[in-house]
$ cat structure.cif   # mmCIF, C-alpha atoms
data_start
loop_
_atom_site.label_atom_id
_atom_site.label_comp_id
_atom_site.auth_asym_id
_atom_site.auth_seq_id
_atom_site.Cartn_x
_atom_site.Cartn_y
_atom_site.Cartn_z
CA MET A 7 25.09 -89.69 9.94
CA SER A 8 22.72 -87.43 11.80
CA PHE A 9 24.12 -85.48 14.71
CA LYS A 10 22.11 -83.48 17.18
CA LEU A 11 23.23 -81.33 20.06
CA PRO A 12 20.90 -80.74 23.00
CA ILE A 13 20.72 -76.99 22.61
CA GLY A 14 20.45 -74.33 19.98
CA VAL A 15 21.61 -74.22 16.40
CA ALA A 16 24.70 -72.67 14.85
CA THR A 17 24.33 -68.91 14.32
CA ILE A 18 26.36 -66.34 12.35
CA TYR A 19 27.31 -63.09 14.03
CA LYS A 20 26.53 -60.07 11.79
CA PRO A 21 28.00 -56.84 13.26
CA PHE A 22 25.29 -54.61 11.84
CA PHE A 23 25.93 -51.86 14.34
CA ILE A 24 29.58 -51.46 13.07
CA ILE A 25 28.39 -50.92 9.51
CA PHE A 26 25.77 -48.51 10.78
CA LEU A 27 28.36 -46.42 12.66
CA PHE A 28 30.66 -46.42 9.64
CA PHE A 29 27.78 -45.08 7.55
CA ILE A 30 27.25 -42.25 10.07
CA PHE A 31 30.96 -41.40 9.91
CA LEU A 32 30.82 -41.00 6.10
CA ILE A 33 27.79 -38.72 6.32
CA SER A 34 29.53 -36.55 8.91
CA CYS A 35 32.30 -35.81 6.34
CA SER A 36 29.77 -34.33 3.88
CA PRO A 37 28.57 -30.70 3.67
CA VAL A 38 25.55 -30.46 5.92
CA ASP A 39 25.45 -26.83 7.00
CA SER A 40 22.10 -26.18 5.38
CA LEU A 41 20.60 -29.20 7.15
CA ILE A 42 21.84 -28.63 10.69
CA LYS A 43 18.96 -26.55 11.93
CA LYS A 44 16.33 -28.68 10.23
CA THR A 45 17.74 -31.96 11.58
CA GLU A 46 18.95 -30.87 15.01
CA VAL A 47 15.87 -32.12 16.89
CA TYR A 48 15.61 -35.24 14.74
CA ASN A 49 19.28 -36.17 15.32
CA LYS A 50 18.90 -35.88 19.09
CA GLU A 51 15.93 -38.25 19.05
CA ASN A 52 17.50 -40.54 16.48
CA ASN A 53 20.82 -40.76 18.36
CA SER A 54 18.93 -41.86 21.45
CA GLU A 55 17.15 -44.56 19.46
CA GLU A 56 20.44 -45.64 17.85
CA ASN A 57 22.06 -46.03 21.24
CA ILE A 58 19.22 -48.23 22.41
CA ASN A 59 19.36 -50.34 19.25
CA ASN A 60 23.13 -50.66 19.48
CA LYS A 61 22.92 -51.82 23.07
CA LYS A 62 20.27 -54.40 22.11
CA GLU A 63 22.44 -55.58 19.23
CA GLN A 64 25.45 -55.93 21.50
CA GLN A 65 23.41 -57.79 24.11
CA ASN A 66 21.98 -60.16 21.48
CA THR A 67 25.47 -60.81 20.16
CA ALA A 68 26.74 -61.54 23.66
CA ASP A 69 23.78 -63.89 24.27
CA VAL A 70 24.51 -65.78 21.04
CA LEU A 71 28.21 -66.12 21.88
CA ASN A 72 27.37 -67.31 25.39
CA GLN A 73 24.84 -69.79 24.00
CA ASP A 74 27.37 -71.16 21.48
CA LYS A 75 29.96 -71.42 24.23
CA LYS A 76 27.43 -73.23 26.42
CA THR A 77 26.62 -75.60 23.55
CA ILE A 78 30.28 -76.53 23.13
CA GLN A 79 30.67 -77.09 26.88
CA HIS A 80 27.55 -79.28 26.94
CA SER A 81 28.63 -81.40 24.00
CA GLU A 82 32.06 -82.05 25.50
CA SER A 83 30.73 -82.97 28.95
CA ILE A 84 30.99 -86.59 30.07
CA LEU A 85 27.67 -88.27 30.88
CA ASN A 86 26.50 -87.67 34.43
CA LYS A 87 26.90 -90.83 36.53
CA ASN A 88 23.76 -90.05 38.53
CA VAL A 89 20.82 -91.55 36.64
CA THR A 90 17.33 -90.71 37.89
CA ILE A 91 14.26 -92.91 37.42
CA ILE A 92 11.12 -90.74 37.36
CA PHE A 93 7.68 -92.33 37.76
CA SER A 94 4.32 -90.91 38.78
CA ASN A 95 2.35 -92.10 41.79
CA SER A 96 -0.60 -92.43 39.40
CA ASP A 97 1.23 -94.92 37.14
CA LYS A 98 0.17 -98.54 37.49
CA GLU A 99 1.85 -99.82 40.64
CA ASN A 100 2.66 -103.27 39.26
CA VAL A 101 4.32 -101.73 36.19
CA VAL A 102 6.37 -99.23 38.23
CA ASN A 103 7.52 -101.87 40.72
CA GLN A 104 8.46 -104.32 37.99
CA PHE A 105 10.32 -101.70 35.94
CA ILE A 106 12.37 -100.77 39.01
CA ASN A 107 13.13 -104.43 39.74
CA VAL A 108 14.09 -105.08 36.12
CA ILE A 109 16.43 -102.08 36.15
CA GLU A 110 18.00 -103.39 39.36
CA MET A 111 18.52 -106.80 37.74
CA ALA A 112 19.95 -105.24 34.57
CA VAL A 113 22.42 -103.12 36.58
CA TYR A 114 23.70 -106.29 38.23
CA ASN A 115 23.78 -108.41 35.03
CA LYS A 116 25.51 -105.73 32.98
CA GLN A 117 27.92 -104.86 35.82
CA LEU A 118 27.20 -101.15 35.79
CA LYS A 119 29.68 -100.08 38.47
CA GLY A 120 30.13 -96.55 39.72
CA ILE A 121 26.73 -95.43 38.40
CA ASN A 122 24.09 -94.23 40.85
CA PHE A 123 20.42 -94.88 40.14
CA ASN A 124 18.00 -92.71 42.08
CA ILE A 125 14.23 -93.21 42.16
CA ALA A 126 12.08 -90.06 42.23
CA MET A 127 8.31 -90.41 42.56
CA TYR A 128 6.01 -87.45 41.99
CA SER A 129 2.29 -86.74 42.38
CA ASN A 130 1.80 -83.97 39.83
CA LYS A 131 3.54 -81.98 37.09
CA ASN A 132 4.76 -79.32 39.52
CA GLU A 133 6.57 -81.93 41.61
CA LEU A 134 8.08 -83.44 38.47
CA ASP A 135 9.23 -80.00 37.38
CA GLU A 136 10.84 -79.39 40.78
CA ILE A 137 12.70 -82.73 40.69
CA ILE A 138 14.32 -81.89 37.36
CA LYS A 139 14.81 -78.19 38.09
CA ASN A 140 16.78 -78.95 41.26
CA SER A 141 19.11 -81.43 39.54
CA ASN A 142 22.43 -80.96 37.78
CA ASN A 143 21.12 -81.72 34.29
CA LEU A 144 24.35 -81.44 32.34
CA GLY A 145 24.76 -84.88 30.72
CA LYS A 146 22.14 -86.32 33.07
CA ILE A 147 20.04 -89.29 31.97
CA TYR A 148 16.45 -89.77 33.14
CA ILE A 149 14.54 -93.05 32.76
CA GLY A 150 10.88 -92.07 32.42
CA PRO A 151 8.24 -90.73 32.54
CA ILE A 152 5.74 -93.39 31.53
CA ASN A 153 2.83 -91.24 30.36
CA ALA A 154 2.59 -88.66 27.58
CA GLU A 155 1.40 -85.67 29.64
CA ASP A 156 4.41 -85.80 31.95
CA THR A 157 6.77 -86.33 29.03
CA LEU A 158 5.52 -83.03 27.66
CA VAL A 159 6.93 -81.34 30.78
CA VAL A 160 10.46 -82.72 30.60
CA LYS A 161 11.28 -81.48 27.09
CA ASN A 162 11.76 -78.00 28.60
CA TYR A 163 15.10 -79.18 30.06
CA CYS A 164 16.81 -80.17 26.80
CA ASN A 165 18.76 -76.89 26.81
CA GLU A 166 20.31 -77.83 30.14
CA GLY A 167 21.90 -80.97 28.68
CA ALA A 168 19.48 -83.59 30.04
CA ILE A 169 18.38 -86.71 28.13
CA PHE A 170 15.06 -88.48 28.76
CA PHE A 171 14.07 -92.02 27.83
CA SER A 172 10.29 -91.96 28.07
CA PHE A 173 7.97 -94.97 27.83
CA ALA A 174 5.16 -92.81 26.38
CA SER A 175 3.53 -93.88 23.12
CA LYS A 176 2.72 -90.42 21.68
CA LYS A 177 5.19 -90.16 18.82
CA SER A 178 4.98 -86.37 18.49
CA LEU A 179 6.88 -86.10 21.80
CA ALA A 180 9.98 -87.69 20.28
CA LYS A 181 12.41 -84.88 19.51
CA ASP A 182 15.48 -83.07 20.82
CA CYS A 183 16.50 -84.79 24.07
CA VAL A 184 13.38 -86.97 24.42
CA TYR A 185 13.64 -90.56 23.15
CA LEU A 186 10.64 -92.92 23.19
CA VAL A 187 11.01 -96.57 24.21
CA ASN A 188 7.85 -98.59 23.61
CA PHE A 189 6.23 -101.10 21.26
CA PHE A 190 4.99 -99.08 18.30
CA PRO A 191 2.39 -100.58 15.91
CA GLU A 192 3.82 -98.68 12.93
CA ASN A 193 7.00 -100.72 13.30
CA GLU A 194 4.93 -103.93 13.42
CA LEU A 195 2.76 -103.09 10.40
CA ARG A 196 5.80 -102.22 8.30
CA SER A 197 7.25 -105.63 9.14
CA ILE A 198 3.99 -107.33 8.15
CA PHE A 199 3.62 -105.61 4.78
CA LYS A 200 7.29 -106.11 4.02
CA TYR A 201 6.79 -109.85 4.52
CA LEU A 202 3.54 -110.30 2.56
CA PRO A 203 3.94 -111.71 -0.98
CA THR A 204 3.71 -109.26 -3.87
CA ASN A 205 0.13 -108.41 -4.90
CA SER A 206 -1.36 -109.71 -1.67
CA LYS A 207 -4.97 -108.64 -1.13
CA VAL A 208 -5.59 -107.71 2.48
CA ALA A 209 -8.81 -107.52 4.50
CA PHE A 210 -8.81 -105.59 7.76
CA LEU A 211 -11.08 -106.38 10.72
CA TYR A 212 -10.61 -104.23 13.83
CA PRO A 213 -12.29 -103.46 17.19
CA GLN A 214 -13.86 -100.04 17.76
CA ASN A 215 -11.57 -99.07 20.64
CA LYS A 216 -8.47 -96.95 21.12
CA TYR A 217 -6.08 -99.61 19.82
CA GLY A 218 -8.24 -100.55 16.84
CA TYR A 219 -8.73 -96.92 15.83
CA LYS A 220 -4.98 -96.37 16.08
CA ILE A 221 -4.23 -99.24 13.70
CA ASN A 222 -6.96 -98.07 11.33
CA SER A 223 -5.46 -94.56 11.26
CA ILE A 224 -2.00 -95.73 10.17
CA ILE A 225 -2.51 -98.89 8.11
CA ASP A 226 -3.36 -97.21 4.79
CA GLU A 227 -0.20 -95.12 4.62
CA ILE A 228 1.96 -98.14 5.39
CA ALA A 229 0.10 -100.33 2.87
CA ASN A 230 0.54 -97.65 0.20
CA TYR A 231 4.31 -98.05 0.46
CA SER A 232 4.12 -101.83 0.02
CA ASP A 233 3.38 -104.26 -2.81
CA SER A 234 0.04 -105.24 -1.24
CA ILE A 235 -3.38 -103.64 -1.29
CA ILE A 236 -6.21 -103.36 1.26
CA VAL A 237 -9.38 -104.52 -0.51
CA ASN A 238 -11.90 -104.59 2.33
CA ARG A 239 -12.33 -103.57 5.95
CA SER A 240 -14.88 -103.87 8.69
CA SER A 241 -15.08 -103.09 12.40
CA TYR A 242 -16.99 -104.30 15.43
CA LYS A 243 -18.03 -102.70 18.69
CA ASP A 244 -15.88 -103.11 21.77
CA ASP A 245 -18.65 -105.12 23.44
CA MET A 246 -18.72 -107.38 20.33
CA SER A 247 -22.48 -106.99 19.95
CA ASN A 248 -22.16 -106.66 16.16
CA VAL A 249 -19.10 -108.84 15.54
CA ARG A 250 -20.98 -111.52 13.60
CA GLY A 251 -22.42 -108.96 11.22
CA ALA A 252 -18.99 -107.36 10.77
CA ILE A 253 -17.43 -110.70 9.84
CA LYS A 254 -20.23 -111.50 7.41
CA GLU A 255 -19.83 -108.09 5.79
CA LEU A 256 -16.07 -108.45 5.52
CA GLY A 257 -16.21 -111.88 3.94
CA LYS A 258 -19.30 -111.13 1.81
CA TYR A 259 -20.87 -114.12 3.49
CA GLU A 260 -24.40 -113.59 2.17
CA LEU A 261 -23.21 -113.11 -1.40
CA ARG A 262 -21.03 -116.20 -1.33
CA LYS A 263 -23.83 -118.20 0.33
CA TYR A 264 -26.26 -117.10 -2.37
CA GLU A 265 -23.82 -118.17 -5.08
CA LEU A 266 -23.29 -121.59 -3.51
CA ASP A 267 -27.04 -122.16 -3.10
CA ARG A 268 -27.48 -121.27 -6.79
CA GLN A 269 -24.89 -123.87 -7.79
CA LYS A 270 -26.51 -126.48 -5.54
CA GLN A 271 -29.91 -125.85 -7.15
CA ILE A 272 -28.50 -126.29 -10.64
CA LEU A 273 -26.82 -129.56 -9.71
CA ALA A 274 -29.95 -130.82 -7.95
CA ASN A 275 -31.86 -130.67 -11.22
CA LYS A 276 -29.31 -132.90 -12.92
CA LYS A 277 -29.30 -136.69 -12.68
CA ASP A 278 -25.86 -137.63 -14.03
CA SER A 279 -23.33 -139.22 -11.70
CA GLU A 280 -20.84 -136.34 -11.92
CA SER A 281 -23.47 -133.77 -10.90
CA ILE A 282 -24.66 -135.96 -8.01
CA LYS A 283 -21.05 -136.36 -6.85
CA ARG A 284 -20.39 -132.62 -7.12
CA LEU A 285 -23.61 -131.77 -5.25
CA LYS A 286 -22.67 -134.12 -2.43
CA LYS A 287 -19.35 -132.31 -2.08
CA LEU A 288 -20.89 -128.82 -2.12
CA LYS A 289 -23.37 -129.72 0.61
CA LYS A 290 -20.44 -129.77 3.04
CA PHE A 291 -19.96 -126.03 2.58
CA LYS A 292 -22.03 -122.99 3.55
CA THR A 293 -20.53 -120.63 0.98
CA THR A 294 -18.21 -120.59 -2.02
CA ARG A 295 -14.45 -120.27 -1.48
CA ASP A 296 -13.81 -117.39 -3.89
CA PHE A 297 -12.52 -114.78 -1.44
CA ASP A 298 -11.59 -111.25 -2.45
CA PHE A 299 -8.57 -111.32 -0.13
CA THR A 300 -5.58 -113.51 0.60
CA HIS A 301 -4.80 -112.20 4.12
CA LEU A 302 -6.88 -110.90 7.02
CA ILE A 303 -5.31 -108.56 9.60
CA LEU A 304 -6.97 -108.75 13.03
CA PRO A 305 -5.44 -106.33 15.60
CA ASP A 306 -7.18 -107.54 18.74
CA TYR A 307 -6.06 -109.30 21.90
CA GLY A 308 -7.17 -110.76 25.22
CA LEU A 309 -10.47 -112.54 25.61
CA ARG A 310 -11.93 -110.73 22.59
CA LEU A 311 -9.38 -112.32 20.26
CA LEU A 312 -10.23 -115.79 21.58
CA GLN A 313 -13.91 -115.03 20.87
CA VAL A 314 -13.50 -113.38 17.46
CA ALA A 315 -11.00 -115.81 15.93
CA PRO A 316 -13.27 -118.93 16.03
CA LEU A 317 -16.10 -116.93 14.37
CA LEU A 318 -14.01 -116.42 11.24
CA PRO A 319 -14.02 -120.08 10.12
CA TYR A 320 -17.60 -120.43 11.44
CA TYR A 321 -18.65 -117.89 8.83
CA ASP A 322 -16.55 -119.64 6.23
CA ILE A 323 -13.45 -117.47 6.21
CA ASP A 324 -11.22 -120.49 5.95
CA PRO A 325 -7.75 -120.15 7.60
CA ASN A 326 -6.48 -122.78 5.14
CA ILE A 327 -7.24 -120.35 2.30
CA VAL A 328 -6.93 -116.94 3.97
CA ARG A 329 -3.86 -116.29 6.14
CA PHE A 330 -4.79 -114.65 9.46
CA VAL A 331 -2.36 -111.94 10.56
CA GLY A 332 -1.99 -110.30 13.98
CA THR A 333 0.05 -107.46 15.46
CA GLY A 334 2.51 -107.50 18.35
CA VAL A 335 -0.32 -107.89 20.87
CA TRP A 336 -0.64 -111.51 19.72
CA ASP A 337 2.65 -112.30 21.42
CA ASP A 338 0.94 -114.20 24.24
CA GLU A 339 1.03 -117.96 24.78
CA ALA A 340 -2.68 -117.86 25.66
CA PHE A 341 -3.41 -117.59 21.92
CA PHE A 342 -1.01 -120.23 20.65
CA LEU A 343 -3.31 -123.23 21.24
CA GLU A 344 -6.45 -121.69 19.72
CA PRO A 345 -7.36 -123.97 16.76
CA SER A 346 -8.52 -121.14 14.51
CA LEU A 347 -5.19 -119.32 14.93
CA GLN A 348 -2.95 -122.19 13.88
CA LYS A 349 -0.65 -121.16 10.99
CA SER A 350 -1.50 -117.52 11.68
CA ILE A 351 1.38 -115.04 11.71
CA PHE A 352 2.37 -111.89 13.59
CA PRO A 353 5.52 -109.70 13.93
CA GLY A 354 7.78 -110.23 16.92
CA VAL A 355 10.81 -111.99 18.34
CA GLU A 356 10.94 -115.60 19.45
CA LYS A 357 10.40 -116.10 23.16
CA LYS A 358 13.68 -117.96 23.58
CA LYS A 359 15.51 -114.62 23.31
CA ARG A 360 13.92 -113.41 26.54
CA GLU A 361 13.43 -116.73 28.35
CA THR A 362 16.64 -116.36 30.37
CA ILE A 363 15.86 -113.00 31.93
CA GLN A 364 12.20 -113.94 32.33
CA GLY A 365 13.12 -117.04 34.29
CA GLU A 366 15.74 -115.18 36.30
CA PHE A 367 13.32 -112.40 37.17
CA GLU A 368 10.51 -114.71 38.25
CA LYS A 369 12.91 -116.71 40.41
CA ILE A 370 14.34 -113.65 42.17
CA TYR A 371 11.20 -111.57 42.60
CA ASN A 372 8.58 -114.34 42.67
CA ASN A 373 6.44 -112.37 40.24
CA LYS A 374 5.18 -112.95 36.68
CA PHE A 375 7.36 -111.18 34.14
CA LEU A 376 5.39 -108.58 32.17
CA ARG A 377 5.87 -108.54 28.39
CA ILE A 378 6.67 -104.80 28.46
CA SER A 379 9.44 -105.27 31.03
CA THR A 380 11.95 -106.01 28.30
CA LEU A 381 11.84 -102.26 27.52
CA PRO A 382 13.83 -100.99 30.54
CA TYR A 383 16.11 -104.03 30.41
CA ASP A 384 17.18 -103.33 26.83
CA LEU A 385 17.50 -99.61 27.61
CA LEU A 386 20.06 -100.40 30.31
CA GLY A 387 22.13 -102.15 27.66
CA ILE A 388 22.58 -98.84 25.83
CA LEU A 389 23.46 -97.00 29.04
CA SER A 390 25.95 -99.71 29.96
CA TYR A 391 27.74 -99.29 26.64
CA ALA A 392 27.80 -95.48 26.92
CA PHE A 393 29.14 -95.42 30.48
CA GLN A 394 31.74 -98.12 29.88
CA ASN A 395 33.05 -96.14 26.90
CA LYS A 396 32.95 -92.88 28.87
CA ASN A 397 30.83 -91.18 26.23
CA SER A 398 30.56 -87.42 26.15
CA LEU A 399 27.15 -85.91 25.60
CA SER A 400 27.84 -85.36 21.90
CA GLU A 401 29.17 -88.93 21.50
CA PHE A 402 26.04 -90.32 23.17
CA TYR A 403 23.76 -88.31 20.87
CA ASN A 404 25.81 -89.50 17.92
CA LEU A 405 25.36 -93.09 19.09
CA LEU A 406 21.59 -92.73 19.51
CA ASN A 407 20.99 -90.87 16.26
CA ASN A 408 22.95 -93.20 14.00
CA SER A 409 20.30 -95.52 12.55
CA GLU A 410 23.04 -97.69 11.01
CA ILE A 411 24.02 -98.85 14.50
CA ARG A 412 22.07 -101.79 15.95
CA PHE A 413 21.78 -102.53 19.66
CA GLU A 414 21.27 -106.18 20.47
CA GLY A 415 18.58 -106.72 23.11
CA VAL A 416 16.38 -109.47 24.49
CA ASP A 417 13.68 -108.23 22.08
CA GLY A 418 16.02 -108.48 19.12
CA SER A 419 18.16 -105.81 17.49
CA PHE A 420 16.92 -102.23 17.65
CA TYR A 421 17.91 -98.64 16.91
CA PHE A 422 16.47 -95.13 17.12
CA LYS A 423 14.94 -93.34 14.16
CA LYS A 424 13.89 -89.74 14.74
CA ASN A 425 14.13 -90.38 18.49
CA ILE A 426 11.73 -93.36 18.34
CA ILE A 427 12.82 -96.94 18.93
CA GLU A 428 12.61 -99.23 15.90
CA ARG A 429 13.05 -103.00 15.98
CA ASP A 430 14.17 -105.47 13.34
CA LEU A 431 11.18 -107.77 13.84
CA ASP A 432 10.78 -111.33 12.63
CA ILE A 433 7.57 -112.89 11.38
CA LEU A 434 6.38 -115.62 13.75
CA GLN A 435 3.93 -118.40 12.92
CA ILE A 436 1.67 -120.00 15.54
CA SER A 437 1.88 -123.77 15.60
CA ASN A 438 0.85 -126.17 18.37
CA GLY A 439 1.40 -123.89 21.33
CA ILE A 440 4.51 -122.00 20.19
CA ALA A 441 5.38 -119.16 17.83
CA LYS A 442 8.24 -119.95 15.44
CA LYS A 443 10.25 -117.61 13.23
CA ILE A 444 9.48 -118.29 9.56
CA ASN A 445 11.24 -115.48 7.65
#

$ encode --input "structure.cif" --output "structure tokens"
Amino acid sequence: MSFKLPIGVATIYKPFFIIFLFFIFLISCSPVDSLIKKTEVYNKENNSEENINNKKEQQNTADVLNQDKKTIQHSESILNKNVTIIFSNSDKENVVNQFINVIEMAVYNKQLKGINFNIAMYSNKNELDEIIKNSNNLGKIYIGPINAEDTLVVKNYCNEGAIFFSFASKKSLAKDCVYLVNFFPENELRSIFKYLPTNSKVAFLYPQNKYGYKINSIIDEIANYSDSIIVNRSSYKDDMSNVRGAIKELGKYELRKYELDRQKQILANKKDSESIKRLKKLKKFKTTRDFDFTHLILPDYGLRLLQVAPLLPYYDIDPNIVRFVGTGVWDDEAFFLEPSLQKSIFPGVEKKKRETIQGEFEKIYNNKFLRISTLPYDLLGILSYAFQNKNSLSEFYNLLNNSEIRFEGVDGSFYFKKNIIERDLDILQISNGIAKKIN
């Protein structure tokens, strides 16, 4: 079980100055008459330096003892019942408003009584710094910030006993008192490769944008720890100007077309009934069906996905032979009726788990429920548990840092690993307008 306190590390007090003084005492008992004159000036200067060093040593020792004492006090403190929600005025307004409404709904549903939730908006890093600086941070929980740059600011207050649940996606920020709550593609890719059959051969087709580059930067390391192998990859521009060429390159379209044309020519020169029958069958195809890969991962979304997906079978990458695989961004009903995506799979949690709160939210606030709004709702579940059990700061850290503990949320069970949220994701298959769990 990993356990982490918000400040410092254990230190050992070494009374060096006591040993040093004892050494001086022994020397003073020795015959030194012949050295007095020669060392008189040196001793005066050295004694002055010793006094300074001794005072520094004593001060450092006192600082360490005070720090250790402060650590113990922090760890034993009960969580502060004043929770502050910190968002920037530059964050997307619809996201901020919905997160606040979802938190309000979660407080009511989970019956969080006696806990105060304050909303603090800021315009720049200095204002954010002032908000936190002027708060009693001992055992205090902050929900936010949303962006990475502001999250970089808040880590400076870990020593004061504060805990931050940030929605930033930059994983390097996750340490000490900063916990990240988001949808992380590493989590999704691990779920995919864990599901794929042994010795699966994977092709990878990605857009040349921030999300596509992110997936490309992490997929090899994850694949290397699996029983599958990436055999081919290709990418296309964000404006899709070269997407057809990228698909042809990935599927070796020209090579397979050449091979099929060669077979057709051979059969055309034969007159027997079997050859004529075989030729008639091959004329229905543009290329051969001997693919180098068994699965194709396509991490795209929105309108681009609905444009790219139909081009795959058009260029003879047959979804009946090659299994199309998406990431968490496929979790959108807009894709579930696309013919070329039927039987495709992606990691996620069935919608029925979040249908209740989605329907409740849309009824109360008359607003479409955002997919990311499950994040603050599930976070409130952890806070509810901690407050109801009157957790101390150390108990709360112990709860968060124990990866054996699972929290049940509307997005499935989850836990924290190295201060980053991890989910136990299912594999969903698209079929006739819905995504069903198949593992």

$ resolve_selection --input "structure.cif" --expression "the PyMOL selection byres ((chain A and resi 305) around 6)" --output "PyMOL selection string"
chain A and resi 212+304+306+332-333

$ resolve_selection --input "structure.cif" --expression "the PyMOL selection byres ((chain A and resi 86) around 7)" --output "JSON, numbers by chain"
{"A": [84, 85, 87, 88, 144, 145, 146]}

$ resolve_selection --input "structure.cif" --expression "the PyMOL selection byres ((chain A and resi 367) around 12)" --output "ChimeraX atom specification"
/A:104-112,115,360-366,368-376,379-380,383

$ atom_distance --input "structure.cif" --atom1 "atom CA of A:Lys359" --atom2 "atom CA of A:Phe422"
20.5 Å

$ closest_residue --input "structure.cif" --among "A:Ile91, A:Leu381, A:Val249, A:Ile228" --to "A:Pro316" --atoms "all atoms listed in the file"
A:Val249
